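Enquirer: Provided herewith is a single structure, encoded as structure tokens, for subsequent inquiry.
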Amino acid sequence: MSLEDAAFKAYNPKNVESSWYAWWEEQGFFKPELDANGEVKKEGVFTIPCPPPNVTGALHIGHALTVAIQDTMQIWAKEKKTRHDYGREKFIEKVWEWKTEYHDRIKNQFKKLGASYDWSREKFTLDPELSEAVTEAFVRMHEDGTIYRASRLVNWSVKLNTAISNLEVDNKTIPGRTLLPVPGYENKIEFGTLTSFSYPVEDSDEKITVATTRPETIFGDTAVAVHPKDPRYTHLHGKYVIHPFVNRKLPIICDAETVDMEFGTGAVKITPAHDQNDYNTGKRNNLEFINIYTDDGLLNENCGEEWKGMKRFDARAKVIEALKEKGLYVEQKDNEMTIPLCSRSGDVIEPLLKPQWYVNQQEMAKEAIAAVKSGEIVITPKTSEAEYFQWLENIQDWCISRQLWWGHRCPVYFVTLEGEEHDRLDNEYWVSGRTEAEALEKAQKKFPNKKFTLEQDEDVLDTWFSSGLWAITTLGWPKPTKDMELFSPQSMLETGWDILFFWVSRMILLTLKLTGKIPFKEVFCHSLVRDAQGRKMSKSLGNVIDPIDVIAGIPLEGLHAKLLSGNLDPKELKKATEGQKLSYPKGIPECGTDALRFALCAYSTGGRDINLDILRVEGYRKFCNKIYQATKFVLGRLGDDYVPPKTSALSGNESLVEKWILYKLSIAAKNTNESLEARNFGDATGHIYNFWYDLCDVYIENSKQLIQDGTPEQKKSAQDTLYTCIDGALRLIHPFMPFVTEEMWQRLPRREGDNTVTIMKAKYPTYVEQLDDVESFKAYELVLDITKSARSLLSQYNITKNGQVYVESANESINKIANEQHDSIVSLIKGVEKIFVVKTPEEVPSGCALLSVGPECNVHVLVKGQIDLDAEIAKVNKKLEAANDFKKKANESISKFTEKTKPEAKDAAFKRLEHLTAEIESYEQTISILEKLKL
């Protein structure tokens with residue numbers, strides 16, 4: 001392609017990134033390289049499964065590029081309908097419509113990000129073959145008793161109308177009385193108070209006082225517990241209290257495990273169906289379990305007609321009023337407490353007794369722990385490994401039932417025997433089946449000669465159940481596929497540390513259980529992305545970043561418009577809009593995919609969070625431009641008829657600077673490969689970035705003189721080195737910046753015999769021993785040190801032309817290098833046409849300023865006669881006066897500090913004073929030098 005092409009003149013990420021992905025995909029470059037027999041061509045296989053995003057969501061830069069948007073919330077936002085307004089069948093049809101729309105959107109987003117996925121192996125957890133695999137897994141584990149049915153307390157989200165796992169609960173601690181927003185309530189609800197009230201003792205004038213943070217649960221109380229050794233209540237053992245609102249007596253029970261005699265009144269209300277601790281107490285004492293709520297968070301018939309249908313938190317205030325009217329209210333005081341919130345809806349979780357399907361994980365956890373402890377699976381970083389062990393060593397059984405309609409319906413059926421009634425909690429009357437016909441056959445064998453009906457469970461499986469099978473179902477399990485043979489176990493799983501328990505651990509548990517093998521050999525947990533201020537990304541803060549907006553750019557008005565399409569209430573919308581104005585006052589500039597990818601990897605330093613500053617991403621866009629322009633320059637220097645040598649081996653004609661840059665290339669490749677092996681992506685980008693700057697700012701500048709004025713041998717050698725380095729540099733950075741590197745690499749000529757058609761298939765640079773020339777490296781580093789010192793002095797004294805530079809050293813080898821590299825040094829210093837190499841200070845003319853390069857070398861620049869010394873002294877004096885004024889004001893401010901002054905204000909002031917003091921000393925020193933030069 002001609003250098004004169006209009007599209008080639010300036011770097012434009014949109015132009016560069018517009019067509020390469022489609023070509024890569026068409027050419028099949030993302031597919032594994034197999035031979036005619038379907039075997040892997042190259043030795044060694046490296047496979048990574050892509051974490052499946054929620055198909056009804058969109059990619060999000062803040063959550064490992066995935067975010068979950070609840071199906072029910074989307075319906076409500078668009079059509080003001082709940083799923084129940086549709087009915088199961090219509091609702092599922094609706095979600096499949098969204099699936100198609102969002103699937104295409106997400107896939108396009110992945111492609112814009114340059115994701116090198118083999119799309120021919122793309123899977124969706126509700127694809128027929130994956131659905132069959134989910135059913136297979138459930139049936140196998142139900143048949144061996146690993147999956148069982150039980151009625152236990154679940155975390156119930158009223159807003160979502162389903163149970164959620166412990167991992168989906170955010171615990172918010174409040175210090176005392178606090179008003180919090182709750183979905184479904186116009187006004188905020190009060191939390192953080194402890195309400196005391198009394199129960200009348202039956203056939204007595206006595207009362208027992210208890211305390212609760214949830215007065216509305218009084219309707220579910222089925223006992224009052226006291227400590228068996230508490231002398232205050234010994235006479236009440238075996239007696240009852242009277243419920244003030246429903247026709248019910250509650251036993252006074254003794255339970256040393258539940259009651260602390262020293263805390264409060266020593267009496268505790270027990271609500272077994274709505275509190276985990278009380279649930280355990282209820283089990284120990286055979287208490288009645290009374291559910292007082294509907295699934296929608298309304299009081300039910302067990303609360304009496306007067307209360308039935310009232311919302312749970314409306315009932316809170318009403319209960320307190322009613323207790324006051326009956327003379328049973330005692331007091332209310334502040335109480336630090338932890339509120340469980342649904343991470344997806346913000347709703348306050350209600351513990352609710354529900355029959356659910358559970359997975360017994362105790363034995364599976366032992367195997368999963370052993371797999372990591374033995375080194376069969378490696379988890380990095382170590383913090384994630386420690387968390388993995390901690391979770392598995394304290395694992396509880398996994399509730400996999402969800403009261404939703406979108407998902408895999410539980411493949412299990414209740415057998416209703418004609419003329420008989422049985423508890424649906426009894427596992428004996430449930431049969432699982434890969435099909436209804438199989439379930440029917442099982443039921444017939446189990447209950448021969450009996451008439452019955454089968455009814456499939458309404459619940460669907462927790463989405464993490466199907467996701468937990470992802471590592472094997474994507475390879476075709478349970479069928480013995482070629483992919484299972486070639487790619488299992490997979491090489492590595494790369495994901496955010498926040499889903500280590502949700503997803504990673506469960507893949508290990510289920511894969512070991514179902515196949516007896518590990519799912520992957522390595523787990524790498526990457527950082528999570530926060531905003532520039534370190535805040536978690538959330539729509540209500542207005543700091544959520546869509547990666548496509550960073551790639552393409554978006555004005556502030558566009559960001560505001562996106563908020564309107566969400567589910568924010570007016571108050572949150574206003575806050576989010578203000579947040580966007582603060583974070584992105586000018587919107588988000590167009591950065592391109594390459595810059596975004598490189599920035600995210602550069603931030604990955606092994607910490608748990610990334611504070612992403614868009615300005616830094618924009619800075620890497622400029623770096624992309626540097627790569628683009630540098631390659632253009634190299635192509636111009638090589639010329640249209642340039643033919644690279646067959647190999648990159650040294651010719652023997654290399655100049656010192658060539659040996660230096662080739663050394664740098666080899667060491668950069670060595671360090672980058674080591675960093676990638678150690679999963680230190682931030683370090684890897686640092687090595688590559690530094691090499692590009694060495695190449696552009698030093699070697700390319702030097703090569704101009706060699707190519708223009710050198711001998712034919714020098715010119716050819718300089719060109720060959722230029723080619724080797726630009727080719728190597730592009731290949732080094734390609735995994736991080738796939739688009740701009742392919743664009744520029746395609747324009748480079750190929751070595752003879754190299755038929756590689758894409759940079760992604762080109763060999764990645766590695767360490768080359770022949771290039772490890774430390775002596776040449778050190779020699780040219782000296783050249784650079786001399787150059788930097790000369791530049792610094794010329795800049796300090798504002799000498800821009802006819803500069804006279806003297807390199808002074810008594811060391812013969814230093815002098816030899818300086819003399820031999822005269823032209824190289826001059827090419828790197830503007831305004832200097834010649835340097836003088838001398839052995840003693842006496843050979844340096846008077847009127848020079850000095851800067852030490854090291855213990856054996858000094859650089860001098862002639863100042864006298866080059867500048868107007870009086871004018872320069874006047875300029876510096878002016879700066880000195882200003883700095884002294886600022887220092888005086890700073891001291892005055894510090895003198896007014898008191899004990900009430902904020903520590904951060906003090907620190908800032910003292911740092912400012914320290915900076916000014918150093919500035920003043922520098923100005924005074926410069927004036928002193930200039931005054932001496934006048935003599």
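Ordering of the structure tokens sets the chain letters (A, B, ...); residue numbers start at 1 within each chain; ligands are numbered from 1 in the order shown.
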If you run DSSP on the backbone here, which positions in range 294-389 of chain A get strand (DSSP E or B)? Please write them as a list of chain:residue names.

Expert: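 Listing strand (DSSP E or B) positions across range 294-389 of chain A yields A:Leu298, A:Leu299, A:Lys311, A:Tyr329, A:Val330, A:Glu331, A:Gln332, A:Lys333, A:Asp334, A:Met337, A:Thr338, A:Ile339, A:Pro340, A:Leu341, A:Cys342, A:Val348, A:Glu350, A:Pro351, A:Leu352, A:Leu353, A:Lys354, A:Pro355, A:Gln356, A:Trp357, A:Tyr358, A:Val359, A:Val378, A:Ile379, A:Thr380.
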
Enquirer: Selected residues, N, CA and C atoms, written as a PDB file, in the first residue's frame, please.

Expert:
```
ATOM      1  N   LEU A 298     -45.782  -9.049  51.799  1.00  0.00           N
ATOM      2  CA  LEU A 298     -46.983  -8.598  52.510  1.00  0.00           C
ATOM      3  C   LEU A 298     -47.259  -9.558  53.662  1.00  0.00           C
ATOM      4  N   LEU A 299     -47.852  -9.046  54.761  1.00  0.00           N
ATOM      5  CA  LEU A 299     -48.254  -9.912  55.858  1.00  0.00           C
ATOM      6  C   LEU A 299     -49.366 -10.836  55.362  1.00  0.00           C
ATOM      7  N   LYS A 311     -47.851  -4.133  53.918  1.00  0.00           N
ATOM      8  CA  LYS A 311     -46.446  -4.272  53.535  1.00  0.00           C
ATOM      9  C   LYS A 311     -45.573  -4.392  54.787  1.00  0.00           C
ATOM     10  N   TYR A 329     -45.399  -1.544  74.996  1.00  0.00           N
ATOM     11  CA  TYR A 329     -44.180  -0.924  74.468  1.00  0.00           C
ATOM     12  C   TYR A 329     -43.308  -0.466  75.639  1.00  0.00           C
ATOM     13  N   VAL A 330     -41.991  -0.721  75.560  1.00  0.00           N
ATOM     14  CA  VAL A 330     -41.074  -0.347  76.642  1.00  0.00           C
ATOM     15  C   VAL A 330     -40.181   0.824  76.229  1.00  0.00           C
ATOM     16  N   GLU A 331     -39.360   0.618  75.177  1.00  0.00           N
ATOM     17  CA  GLU A 331     -38.454   1.684  74.741  1.00  0.00           C
ATOM     18  C   GLU A 331     -37.864   1.356  73.361  1.00  0.00           C
ATOM     19  N   GLN A 332     -37.220   2.375  72.798  1.00  0.00           N
ATOM     20  CA  GLN A 332     -36.501   2.178  71.536  1.00  0.00           C
ATOM     21  C   GLN A 332     -35.183   2.935  71.622  1.00  0.00           C
ATOM     22  N   LYS A 333     -34.085   2.287  71.229  1.00  0.00           N
ATOM     23  CA  LYS A 333     -32.798   2.968  71.284  1.00  0.00           C
ATOM     24  C   LYS A 333     -31.948   2.585  70.073  1.00  0.00           C
ATOM     25  N   ASP A 334     -30.926   3.438  69.831  1.00  0.00           N
ATOM     26  CA  ASP A 334     -30.035   3.194  68.691  1.00  0.00           C
ATOM     27  C   ASP A 334     -29.319   1.861  68.861  1.00  0.00           C
ATOM     28  N   MET A 337     -26.080  -2.250  63.639  1.00  0.00           N
ATOM     29  CA  MET A 337     -26.513  -3.523  63.078  1.00  0.00           C
ATOM     30  C   MET A 337     -26.080  -3.648  61.620  1.00  0.00           C
ATOM     31  N   THR A 338     -26.205  -4.844  61.098  1.00  0.00           N
ATOM     32  CA  THR A 338     -25.865  -5.106  59.704  1.00  0.00           C
ATOM     33  C   THR A 338     -27.117  -5.454  58.929  1.00  0.00           C
ATOM     34  N   ILE A 339     -27.342  -4.733  57.831  1.00  0.00           N
ATOM     35  CA  ILE A 339     -28.529  -4.945  57.008  1.00  0.00           C
ATOM     36  C   ILE A 339     -28.139  -5.762  55.783  1.00  0.00           C
ATOM     37  N   PRO A 340     -28.783  -6.915  55.548  1.00  0.00           N
ATOM     38  CA  PRO A 340     -28.489  -7.686  54.335  1.00  0.00           C
ATOM     39  C   PRO A 340     -29.250  -7.114  53.133  1.00  0.00           C
ATOM     40  N   LEU A 341     -28.519  -6.757  52.087  1.00  0.00           N
ATOM     41  CA  LEU A 341     -29.142  -6.161  50.901  1.00  0.00           C
ATOM     42  C   LEU A 341     -28.901  -7.042  49.680  1.00  0.00           C
ATOM     43  N   CYS A 342     -29.894  -7.102  48.823  1.00  0.00           N
ATOM     44  CA  CYS A 342     -29.758  -7.832  47.560  1.00  0.00           C
ATOM     45  C   CYS A 342     -28.816  -7.052  46.653  1.00  0.00           C
ATOM     46  N   VAL A 348     -33.980  -5.021  50.793  1.00  0.00           N
ATOM     47  CA  VAL A 348     -33.590  -5.593  52.081  1.00  0.00           C
ATOM     48  C   VAL A 348     -34.026  -7.056  52.086  1.00  0.00           C
ATOM     49  N   GLU A 350     -35.171 -10.678  53.112  1.00  0.00           N
ATOM     50  CA  GLU A 350     -36.055 -11.218  54.139  1.00  0.00           C
ATOM     51  C   GLU A 350     -35.775 -12.713  54.270  1.00  0.00           C
ATOM     52  N   PRO A 351     -35.322 -13.181  55.441  1.00  0.00           N
ATOM     53  CA  PRO A 351     -35.163 -14.631  55.614  1.00  0.00           C
ATOM     54  C   PRO A 351     -36.549 -15.284  55.546  1.00  0.00           C
ATOM     55  N   LEU A 352     -36.702 -16.275  54.652  1.00  0.00           N
ATOM     56  CA  LEU A 352     -38.004 -16.876  54.426  1.00  0.00           C
ATOM     57  C   LEU A 352     -37.839 -18.391  54.331  1.00  0.00           C
ATOM     58  N   LEU A 353     -38.771 -19.114  54.932  1.00  0.00           N
ATOM     59  CA  LEU A 353     -38.715 -20.564  54.906  1.00  0.00           C
ATOM     60  C   LEU A 353     -39.302 -21.069  53.598  1.00  0.00           C
ATOM     61  N   LYS A 354     -38.467 -21.777  52.828  1.00  0.00           N
ATOM     62  CA  LYS A 354     -38.914 -22.250  51.511  1.00  0.00           C
ATOM     63  C   LYS A 354     -38.373 -23.660  51.255  1.00  0.00           C
ATOM     64  N   PRO A 355     -39.205 -24.525  50.630  1.00  0.00           N
ATOM     65  CA  PRO A 355     -38.674 -25.807  50.183  1.00  0.00           C
ATOM     66  C   PRO A 355     -37.820 -25.586  48.936  1.00  0.00           C
ATOM     67  N   GLN A 356     -36.567 -26.068  48.949  1.00  0.00           N
ATOM     68  CA  GLN A 356     -35.632 -25.803  47.865  1.00  0.00           C
ATOM     69  C   GLN A 356     -34.818 -27.056  47.571  1.00  0.00           C
ATOM     70  N   TRP A 357     -34.148 -27.028  46.403  1.00  0.00           N
ATOM     71  CA  TRP A 357     -33.200 -28.081  46.059  1.00  0.00           C
ATOM     72  C   TRP A 357     -31.807 -27.638  46.477  1.00  0.00           C
ATOM     73  N   TYR A 358     -31.093 -28.553  47.129  1.00  0.00           N
ATOM     74  CA  TYR A 358     -29.751 -28.254  47.633  1.00  0.00           C
ATOM     75  C   TYR A 358     -28.733 -29.236  47.069  1.00  0.00           C
ATOM     76  N   VAL A 359     -27.479 -28.751  46.945  1.00  0.00           N
ATOM     77  CA  VAL A 359     -26.359 -29.610  46.556  1.00  0.00           C
ATOM     78  C   VAL A 359     -25.470 -29.792  47.786  1.00  0.00           C
ATOM     79  N   VAL A 378      -3.329 -24.258  39.808  1.00  0.00           N
ATOM     80  CA  VAL A 378      -2.604 -23.127  40.413  1.00  0.00           C
ATOM     81  C   VAL A 378      -3.509 -21.908  40.378  1.00  0.00           C
ATOM     82  N   ILE A 379      -3.685 -21.267  41.527  1.00  0.00           N
ATOM     83  CA  ILE A 379      -4.505 -20.050  41.597  1.00  0.00           C
ATOM     84  C   ILE A 379      -3.609 -18.863  41.920  1.00  0.00           C
ATOM     85  N   THR A 380      -3.655 -17.835  41.073  1.00  0.00           N
ATOM     86  CA  THR A 380      -2.911 -16.602  41.343  1.00  0.00           C
ATOM     87  C   THR A 380      -3.868 -15.418  41.260  1.00  0.00           C
TER      88      THR A 380
END
```

Enquirer: For range 28-39 of chain A, find every residue with an atom within 6 Å (counting only C-alpha atoms), except residues of its own chain fewer than 5 positions away, and show them as a list in words.

Expert: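 Within the cut-off, the hits are Ser116, Tyr117 and Asp118 of chain A.
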
Enquirer: For range 168-185 of chain A, work out the shell of residues within 10 Å, counting only C-alpha atoms and skipping chain neighbours fewer than 2 positions away, then give it as a ChimeraX atom specification.

Expert: /A:155,157-159,163-166,187-194,297,311,313-314,333-349,502

Enquirer: Write out as a ChimeraX atom specification the set of residues from range 320-538 of chain A that DSSP, computed on the backbone, places in alpha helix (DSSP H).

Expert: /A:320-325,362-373,382-393,436-446,463-467,470-473,482-487,506-515

Enquirer: Residues of the last selection are to be written out with C-alpha atoms, as a short mmCIF file (atom, residue, chain, number, x, y, z; two decimals), in the first residue's frame.

Expert:
```cif
data_model
loop_
_atom_site.label_atom_id
_atom_site.label_comp_id
_atom_site.auth_asym_id
_atom_site.auth_seq_id
_atom_site.Cartn_x
_atom_site.Cartn_y
_atom_site.Cartn_z
CA ILE A 320 -45.07 -0.23 67.55
CA GLU A 321 -48.21 1.97 67.67
CA ALA A 322 -50.39 -1.04 68.58
CA LEU A 323 -47.95 -2.12 71.32
CA LYS A 324 -48.13 1.37 72.81
CA GLU A 325 -51.93 1.24 72.80
CA GLN A 362 -18.88 -31.31 51.68
CA GLU A 363 -17.13 -34.21 49.91
CA MET A 364 -16.71 -32.28 46.65
CA ALA A 365 -14.99 -29.47 48.58
CA LYS A 366 -12.36 -31.87 49.96
CA GLU A 367 -11.39 -32.92 46.43
CA ALA A 368 -11.35 -29.30 45.21
CA ILE A 369 -9.04 -28.28 48.08
CA ALA A 370 -6.73 -31.23 47.37
CA ALA A 371 -6.49 -30.30 43.66
CA VAL A 372 -5.07 -26.88 44.53
CA LYS A 373 -2.90 -27.99 47.44
CA LYS A 382 -1.94 -15.84 46.37
CA THR A 383 -4.64 -13.73 48.02
CA SER A 384 -7.22 -15.43 45.81
CA GLU A 385 -5.81 -18.87 46.63
CA ALA A 386 -6.16 -18.12 50.35
CA GLU A 387 -9.76 -17.00 49.88
CA TYR A 388 -10.49 -20.16 47.87
CA PHE A 389 -9.30 -22.35 50.74
CA GLN A 390 -11.14 -20.31 53.35
CA TRP A 391 -14.44 -20.60 51.48
CA LEU A 392 -14.18 -24.30 50.68
CA GLU A 393 -13.07 -25.23 54.20
CA GLU A 436 -40.50 -36.85 31.42
CA ALA A 437 -40.67 -40.37 29.98
CA GLU A 438 -37.59 -41.38 31.99
CA ALA A 439 -39.10 -39.83 35.13
CA LEU A 440 -42.33 -41.77 34.49
CA GLU A 441 -40.39 -45.03 34.11
CA LYS A 442 -38.56 -44.37 37.40
CA ALA A 443 -41.84 -43.62 39.19
CA GLN A 444 -43.42 -46.83 37.86
CA LYS A 445 -40.50 -48.89 39.19
CA LYS A 446 -40.61 -47.08 42.52
CA THR A 463 -27.73 -19.64 36.85
CA TRP A 464 -24.40 -20.53 38.48
CA PHE A 465 -25.34 -24.21 38.21
CA SER A 466 -25.22 -24.18 34.40
CA SER A 467 -22.27 -21.75 34.50
CA TRP A 470 -19.11 -24.25 31.50
CA ALA A 471 -15.54 -25.61 31.36
CA ILE A 472 -16.79 -29.02 30.20
CA THR A 473 -20.11 -28.31 28.44
CA LYS A 482 -12.88 -34.66 20.12
CA ASP A 483 -12.76 -31.28 21.88
CA MET A 484 -12.90 -33.04 25.26
CA GLU A 485 -9.99 -35.22 24.13
CA LEU A 486 -7.91 -32.30 22.77
CA PHE A 487 -8.65 -29.46 25.16
CA ARG A 506 -18.15 -24.29 41.41
CA MET A 507 -16.57 -25.24 38.09
CA ILE A 508 -13.85 -27.05 40.00
CA LEU A 509 -16.37 -28.75 42.33
CA LEU A 510 -18.73 -29.89 39.56
CA THR A 511 -16.09 -30.90 37.03
CA LEU A 512 -14.24 -33.05 39.58
CA LYS A 513 -17.57 -34.58 40.67
CA LEU A 514 -18.82 -35.37 37.16
CA THR A 515 -15.61 -36.23 35.29
#
```

Enquirer: Kindly indicate which residue among A:Asp683, A:Asp230, A:Glu129, A:Glu262 lies nearest to Ala602 in chain A, using only C-alpha atoms for the distances.

Expert: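 Ranking A:Asp683, A:Asp230, A:Glu129, A:Glu262 by distance to Ala602 in chain A, first place goes to A:Asp683.
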
Enquirer: Interatomic distance between CA of Ala649 in chain A and CA of Phe777 in chain A?

Expert: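 According to the coordinates, CA of Ala649 in chain A and CA of Phe777 in chain A are separated by 17.5 Å.
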
Enquirer: Choose the residue, out of A:Lys207, A:Val837, A:Thr647, A:Glu924, that has the smallest atom-to-atom separation from Asp754 in chain A; count only C-alpha atoms.

Expert: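 Closest to Asp754 in chain A, using only C-alpha atoms: A:Thr647.
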
Enquirer: Determine, counting only C-alpha atoms, which protein, DNA and RNA residues have an atom within 12 Å of an atom of Asp144 in chain A; residues of the same chain fewer than 4 positions away are not included. Present the result as a PDB file with N, CA and C atoms, in the first residue's frame.

Expert:
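Printed below is result_36.pdb as written:
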```
ATOM      1  N   ALA A 137     -26.323 -33.486  34.481  1.00  0.00           N
ATOM      2  CA  ALA A 137     -25.615 -33.237  35.743  1.00  0.00           C
ATOM      3  C   ALA A 137     -26.577 -33.306  36.925  1.00  0.00           C
ATOM      4  N   PHE A 138     -27.741 -32.680  36.787  1.00  0.00           N
ATOM      5  CA  PHE A 138     -28.729 -32.673  37.872  1.00  0.00           C
ATOM      6  C   PHE A 138     -29.178 -34.097  38.179  1.00  0.00           C
ATOM      7  N   VAL A 139     -29.544 -34.837  37.125  1.00  0.00           N
ATOM      8  CA  VAL A 139     -30.084 -36.190  37.322  1.00  0.00           C
ATOM      9  C   VAL A 139     -29.042 -37.091  37.980  1.00  0.00           C
ATOM     10  N   ARG A 140     -27.803 -37.037  37.494  1.00  0.00           N
ATOM     11  CA  ARG A 140     -26.745 -37.874  38.095  1.00  0.00           C
ATOM     12  C   ARG A 140     -26.607 -37.583  39.584  1.00  0.00           C
ATOM     13  N   TYR A 148     -30.628 -32.856  46.930  1.00  0.00           N
ATOM     14  CA  TYR A 148     -31.758 -33.284  47.763  1.00  0.00           C
ATOM     15  C   TYR A 148     -32.677 -32.093  48.033  1.00  0.00           C
ATOM     16  N   VAL A 359     -27.479 -28.751  46.945  1.00  0.00           N
ATOM     17  CA  VAL A 359     -26.359 -29.610  46.556  1.00  0.00           C
ATOM     18  C   VAL A 359     -25.470 -29.792  47.786  1.00  0.00           C
ATOM     19  N   ASN A 360     -25.266 -31.044  48.177  1.00  0.00           N
ATOM     20  CA  ASN A 360     -24.352 -31.344  49.278  1.00  0.00           C
ATOM     21  C   ASN A 360     -22.924 -31.198  48.749  1.00  0.00           C
ATOM     22  N   VAL A 431     -38.881 -37.792  41.725  1.00  0.00           N
ATOM     23  CA  VAL A 431     -38.031 -38.536  40.792  1.00  0.00           C
ATOM     24  C   VAL A 431     -37.482 -37.568  39.752  1.00  0.00           C
ATOM     25  N   SER A 432     -36.223 -37.757  39.401  1.00  0.00           N
ATOM     26  CA  SER A 432     -35.619 -36.904  38.366  1.00  0.00           C
ATOM     27  C   SER A 432     -35.580 -37.671  37.055  1.00  0.00           C
ATOM     28  N   LYS A 513     -16.482 -33.652  40.311  1.00  0.00           N
ATOM     29  CA  LYS A 513     -17.568 -34.576  40.672  1.00  0.00           C
ATOM     30  C   LYS A 513     -18.029 -35.389  39.465  1.00  0.00           C
ATOM     31  N   LEU A 514     -18.190 -34.728  38.322  1.00  0.00           N
ATOM     32  CA  LEU A 514     -18.818 -35.370  37.163  1.00  0.00           C
ATOM     33  C   LEU A 514     -17.837 -36.073  36.229  1.00  0.00           C
TER      34      LEU A 514
END
```

Enquirer: What does the distance between CA of Glu216 in chain A and CA of Ile242 in chain A come to in Å, to one decimal place?

Expert: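 CA of Glu216 in chain A sits 16.7 Å away from CA of Ile242 in chain A.
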